[in-house]
Every structure is written in C-alpha cells, then in structure tokens.
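Take a look at the structure below.
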Amino acid sequence: MIESWRWYGDLDAITLPEVAQTGASGIVTALHEIPYGQVWDVDAIATRKARVAQGGFDWVVVESLPIHESIKRGEGDLTTLFANYRQSMANLAANGIKTICYNFMPLLDWTRTDLTAPVTGGGTCLRFEATRMAAFEVHMLGRRDAEADYSPDVLNKAAAWFQQATQADRDALLASIMAGLPGAFDRYDIPGLRNALQSYDCIDREALRAHYKRFLEEVVPTATDLGMRLCVHPDDPPRDILGLPRIVSDADDIAWIMGAVDAPANGLTLCSGSLGANPANDVPAIAKHFADRIHFAHLRNVAKDPDGSFEEAAHLDGDTDMVALVQVLLDEESRRRDVGRADHAIPFRPDHGHHILSDLDRALILGYPLIGRLRGLAELRGVIRALSHESKYA
Ligand code: DNO
C-alpha cells in the first residue's frame, strides 16, 4: 500500500519537510486556488508537481478535482463544464498524475457540528451531534420538514440546547456546519444557505442520479483513454442532510454507480470513516465486494451513538474493524499482483486525526493535524506490516 498524506499546498501550515518525517511517500493534493469549473492549467499542475517532488514525494492522487454545482443540478448548458473537466484530466495525465478523487454531494461536503470536541485523555476531534444538527435545522435555519428527520427525543434535546445557547454558541454551530462546504473558501450565512438549498428544491434522488450518470458518461471514457482512474468519495455523513438527497452512501448506491458506467476507470475512494458513520454499513464487507474498483483509501474510524451522533475515533478504535479492512485491501493488492498489474499498490492516507500535543499550539486545518495523523499513520503502518509479514520463525 502506498502511504500518502494530504497536503494543502500554501494553505497548509504543515511543511513538506515535516511530512517527510512521517515516513509517507505520496502526497495527495489539489489546486485549491482554482475556482470550481475552471480548467487546471498544465503549467500550474507541473509547478505543484515539481514542488511536491522537491520535497521528496510523488503526487499520487488528486483530491479533489471538484464538480461544479451546475453539473450536480443538471442546470443549463453544461458543454463547457464537461469539456473543462476533461481538459483538466488531460492536463493531469500529461503530468503523469492518474488518480482523481471527487465527490457528488450536493452543496455540502463533509458535515460536523463540533470541530474541537474533547477526546478522553486530551486533544480534540471532529464530532457530529444529532441534537445540535436538529437544533440548527429546526431552530436556526427553520427548514420545513426538518422535524421528520429526527426522533422526538432528539427534537426535545435540540429545543433545550437552543434555548440555553448563547449567540456565540449558535455562531459556532453555524461555523462548524459550514466548515466542510466546498466552493473554495466561501461560507454561507443562514439566508445564503436557505437560498442555496432552494436551488435543490426540485432535485430528488432520481434526478440527482440522472445528473451523476450524465457526468460519468461524459468523463469516464476520457479517463479510460488517458489511463486514469476516477474514484468517488462517499457522502459524509452517509445519509440525506438538510433535505438534500445523497446518492453515495451505502453498498446499493455504490453498486448503482459502478454499473452506471461499468468500466474500471469508474471507481471508488474507500473512505472508512464516511461509510462507517452509518450503522447499516459493514465497511470491510463493502470493501471486499467492490475491491477491484477501489483506487484510493481513506482510513479512519468512527464511534457511533444510537441517536445518529458519531465522533472520529483513533484510527484503530471505533466501530470499524480496521485490521479486517486493511486485510481486505492487502488481499486485493495480492490479487492485482497475481494478474500482473504493475500498479497493484493501493494509495491510502490516514484520514483525519485527533489534534494532540503540539497540534494544539498551531493553526492547522481542522481534522488535518500533524501529530494526530502521524499517530494514525504509524498505527496503520504497524497493522499493514504485521499482516504482510511472513515470519521465518513460524
Ligand atoms: C474530508 C474529506 C473530503 C473529501 C472530498 C472528496 O476531510 O475526506 O472533503 O476530500 O469529499 O471530494
């Protein structure tokens, strides 16, 4: 498996020499400064690639080449947007970068209600609290129908939380929920979010699937011609949110996607933390089922509560059997090696991490600390090494 590390370029306070000390060999990055829908210029890609190489790394995966919201909404003449996406793919391929992660979540990327939740023993993690989300939707956003998405118990607790919350608490909740929003660094306020949600009023699950299928039909043949791999990132959390449909949440969704354009270039980012937040998802089983289409893995863990809340656990803790999952990925690599694939190694990154120790003294991108991810990587490296080891003393 290729140990990789997400690095945000100039936006990242963590430097490549620091990343080098983690022992990772691959970098996962993106040209975050380019607005969604515009072409990634071949020279800009080459410049970033050279910088990554100077640090001693390969740029192994693009995360993400984002999909413009108009494509998700199936809105207007999309010819230019599809052409631009294909051109960016060609420019990446011309630079030897062949694996592209993207998501198809309408409007929101990952969503949490608390970005600095305390961890037992010290440090902080990202948390999704059903009660806070309900308080936000029902009492701050005033979304019609939101109550239907929560149990009476959660709604009662949400009302109680909202009543005692100060304006600063409410602002912090809005900021946490908005933190995962794509669209470079735009953040919505409440009226802005209401407007944005309205633009999805007429788009249900079937419509969103149709728009997604069209996207795949437009880009997967190009990926195949260029020898590239696309890998969709699952919804996080894997369920409808704020009334928006989500279509990359479980095994049935993934089966639909893989079948929508049935080609190896149409693949999956196996994100154990995203999929693992739904109690119905057996993550190692999903990985095993779709193993031949996994082009990239995000390895992290979640601990769930019965009311739908969850928090990011340490990489080997939480509800997902991480050792079993790594075994599935190693078995798939062996299979690829046996059929003679030179590119049998699956890139993975320690996805997220607790902010611990000196992470807490630095302004780091929440969820992407240095020491917390180093801990995750070291634990995963140990699992991989142990599972791959053939002892001559056995
Ligand atoms: C969160 C990430 C996601 C992911 C995108 C991929 O930390 O895993 O934001 O990068 O969804 O497009």
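Numbering starts fresh at 1 for the residues of each chain in the structure tokens, the chains themselves are lettered A, B, ... in the order given, and ligands are numbered from 1 as they appear.
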
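Among the residues of region 156-263 of chain A, backbone DSSP assigns strand (DSSP E or B) to Arg229, Leu230, Cys231, Val232, His233, Ile241 and Leu244 of chain A.
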
For N, CA, C and O atoms, I'd like the residues from the last selection saved as a PDB file, in the first residue's frame.
```
ATOM      1  N   ARG A 229      -7.818   6.950 -13.406  1.00  0.00           N
ATOM      2  CA  ARG A 229      -8.850   6.343 -12.560  1.00  0.00           C
ATOM      3  C   ARG A 229      -9.568   7.436 -11.796  1.00  0.00           C
ATOM      4  O   ARG A 229      -8.935   8.253 -11.130  1.00  0.00           O
ATOM      5  N   LEU A 230     -10.880   7.401 -11.900  1.00  0.00           N
ATOM      6  CA  LEU A 230     -11.699   8.303 -11.090  1.00  0.00           C
ATOM      7  C   LEU A 230     -12.169   7.513  -9.883  1.00  0.00           C
ATOM      8  O   LEU A 230     -12.469   6.325 -10.006  1.00  0.00           O
ATOM      9  N   CYS A 231     -12.244   8.168  -8.731  1.00  0.00           N
ATOM     10  CA  CYS A 231     -12.737   7.422  -7.565  1.00  0.00           C
ATOM     11  C   CYS A 231     -13.603   8.336  -6.707  1.00  0.00           C
ATOM     12  O   CYS A 231     -13.118   9.279  -6.089  1.00  0.00           O
ATOM     13  N   VAL A 232     -14.867   7.987  -6.687  1.00  0.00           N
ATOM     14  CA  VAL A 232     -15.831   8.821  -5.962  1.00  0.00           C
ATOM     15  C   VAL A 232     -15.669   8.635  -4.459  1.00  0.00           C
ATOM     16  O   VAL A 232     -15.471   7.527  -3.966  1.00  0.00           O
ATOM     17  N   HIS A 233     -15.763   9.754  -3.749  1.00  0.00           N
ATOM     18  CA  HIS A 233     -15.692   9.738  -2.284  1.00  0.00           C
ATOM     19  C   HIS A 233     -17.117   9.616  -1.735  1.00  0.00           C
ATOM     20  O   HIS A 233     -18.014  10.329  -2.197  1.00  0.00           O
ATOM     21  N   ILE A 241     -29.061  14.988   4.039  1.00  0.00           N
ATOM     22  CA  ILE A 241     -28.781  16.001   5.060  1.00  0.00           C
ATOM     23  C   ILE A 241     -29.391  17.326   4.617  1.00  0.00           C
ATOM     24  O   ILE A 241     -29.412  17.627   3.418  1.00  0.00           O
ATOM     25  N   LEU A 244     -31.273  17.532   1.535  1.00  0.00           N
ATOM     26  CA  LEU A 244     -30.627  17.276   0.245  1.00  0.00           C
ATOM     27  C   LEU A 244     -30.491  15.768   0.041  1.00  0.00           C
ATOM     28  O   LEU A 244     -30.136  15.054   0.976  1.00  0.00           O
TER      29      LEU A 244
END
```

- [ ] Excluding Asp359 (chain A) and any residue of its chain fewer than 5 positions from it, enumerate the residues within 9 Å of it, using only C-alpha atoms, and give them as number ranges by chain.
- [x] A: 123, 354, 364, 369-372

- [ ] List all protein, DNA and RNA residues that have any atom at most 9 Å from ligand 1, counting only C-alpha atoms and all ligand atoms, and write the list as a PyMOL selection string.
- [x] chain A and resi 63-67+101-105+108-111+180-182+232-236+269+271+273-274+298+351-352+366-368

Task: Point-to-point distance in Å for CA of His32 (chain A) and CA of Leu11 (chain A) - done: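 If I compute the distance from CA of Leu11 (chain A) to CA of His32 (chain A), I get 8.7 Å.
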
Open item on the list: Need to verify the contact set: Ala287 (chain A), 10 Å, only C-alpha atoms, exclusion of same-chain residues closer than 2 positions in sequence. Can you return it as a PyMOL selection string?
Closed with: chain A and resi 251+268-272+282-285+289-294+297+325-326+328-329+332

- [ ] Compare A:Leu387, A:Leu107, A:Ile203, A:Ala83 by their minimum atom-to-atom distance to Met178 (chain A), counting only C-alpha atoms, and give me the closest one.
- [x] A:Leu107

List the spatial neighbours of Ile254 (chain A) as a CSV table (one decimal) with C-alpha atoms, in the first residue's frame - criterion: any atom at most 10 Å away, only C-alpha atoms, same-chain residues fewer than 2 positions off excluded.
```csv
chain,number,residue,atom,x,y,z
A,232,VAL,CA,-15.8,8.8,-6.0
A,234,PRO,CA,-18.7,8.6,-0.2
A,247,ILE,CA,-26.6,9.0,-3.5
A,248,VAL,CA,-23.1,7.7,-2.5
A,249,SER,CA,-24.0,6.4,1.0
A,250,ASP,CA,-24.1,2.6,1.0
A,251,ALA,CA,-23.4,-0.6,-0.9
A,252,ASP,CA,-26.6,-0.3,-3.1
A,256,TRP,CA,-25.6,1.6,-8.9
A,257,ILE,CA,-22.6,4.0,-9.6
A,258,MET,CA,-20.3,1.2,-10.7
A,259,GLY,CA,-23.0,-0.1,-13.0
A,260,ALA,CA,-24.0,3.3,-14.3
A,267,GLY,CA,-14.0,3.6,-9.2
A,268,LEU,CA,-14.3,4.2,-5.6
A,286,ILE,CA,-18.3,-3.2,1.3
A,290,PHE,CA,-16.1,-3.6,-4.5
```

- [ ] From the DSSP assignment of the backbone, select every residue of region 11-130 of chain A that is helix (DSSP H, G or I), and format the answer as a PyMOL selection string.
- [x] chain A and resi 11+16-20+42-54+69-73+79-94+130

Open item on the list: One decimal, in Å: what's the spacing between CA of Phe128 (chain A) and CA of Leu316 (chain A)?
Closed with: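 Straight-line distance from CA of Phe128 (chain A) to CA of Leu316 (chain A) works out to 19.3 Å.
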
Open item on the list: Quick one: residues within 9 Å of Asp189 (chain A), only C-alpha atoms, excluding same-chain residues fewer than 2 positions away - as a list in words?
Closed with: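 Answer for this query is Leu174, Ala175, Met178, Arg187, Pro191, Gly192, Leu193 and Arg194 of chain A.
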
May I have a table of the residues of region 32-139 of chain A lying at most 12 Å from region 299-303 of chain A, giving each one's closest pair of atoms and their distance in Å to one decimal, counting only C-alpha atoms, ordered by chain and ascending residue number, as a Markdown table?
```
| residue | atom | partner | partner_atom | distance |
| --- | --- | --- | --- | --- |
| A:Val119 | CA | A:Ala303 | CA | 11.8 |
| A:Cys125 | CA | A:Val302 | CA | 10.6 |
| A:Leu126 | CA | A:Val302 | CA | 9.9 |
| A:Arg127 | CA | A:Val302 | CA | 9.3 |
| A:Phe128 | CA | A:Val302 | CA | 10.3 |
| A:Glu129 | CA | A:Ala303 | CA | 11.8 |
```

Open item on the list: Under the rule that only C-alpha atoms are counted, which of A:Arg48, A:Arg6, A:Arg112, A:His211 is the nearest residue to Val19 (chain A)?
Closed with: A:Arg6

TODO: Would you please work out which residue, of A:Leu242, A:Leu16, A:Ile45, A:Val219, is nearest to Ile97 (chain A) when using only C-alpha atoms?
DONE: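 Nearest candidate to Ile97 (chain A) out of A:Leu242, A:Leu16, A:Ile45, A:Val219: A:Ile45.
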
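The space separating CA of Arg239 (chain A) from CA of Arg373 (chain A) comes to 26.0 Å.
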
TODO: Pick out the residues sitting within 10 Å of Met89 (chain A), and hand them over as a list of chain:residue names; count only C-alpha atoms, and ignore anything fewer than 3 positions along from it in its own chain.
DONE: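 Answer for this query is A:Val39, A:Trp40, A:Val42, A:Leu65, A:Ala83, A:Asn84, A:Tyr85, A:Arg86, A:Leu92, A:Ala93, A:Ala94, A:Asn95, A:Ile97, A:Lys98, A:Thr99, A:Ile100, A:Val219, A:Thr222, A:Ala223, A:Leu226, A:Met228, A:Arg229, A:Leu230.
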
Task: Distance criterion (only C-alpha atoms): nearest to Glu3 (chain A) out of A:Leu173, A:Ala210, A:Val61, A:Leu31 - done: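 Answer, going by the shortest atom-to-atom distance: A:Val61.
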
Task: Selection: 12 Å around Glu137 (chain A), only C-alpha atoms, excl. self and same-chain fewer than 5 positions, as a PyMOL selection string - done: chain A and resi 113+130-132+142-150+155+158-159+162+170+173-174+177+190+193-194+197+241-243

TODO: Name the closest residue to Pro350 (chain A) among the candidates A:Glu311, A:Lys49, A:Ser70, A:Ile2; distances are taken between atoms, counting only C-alpha atoms.
DONE: A:Ile2
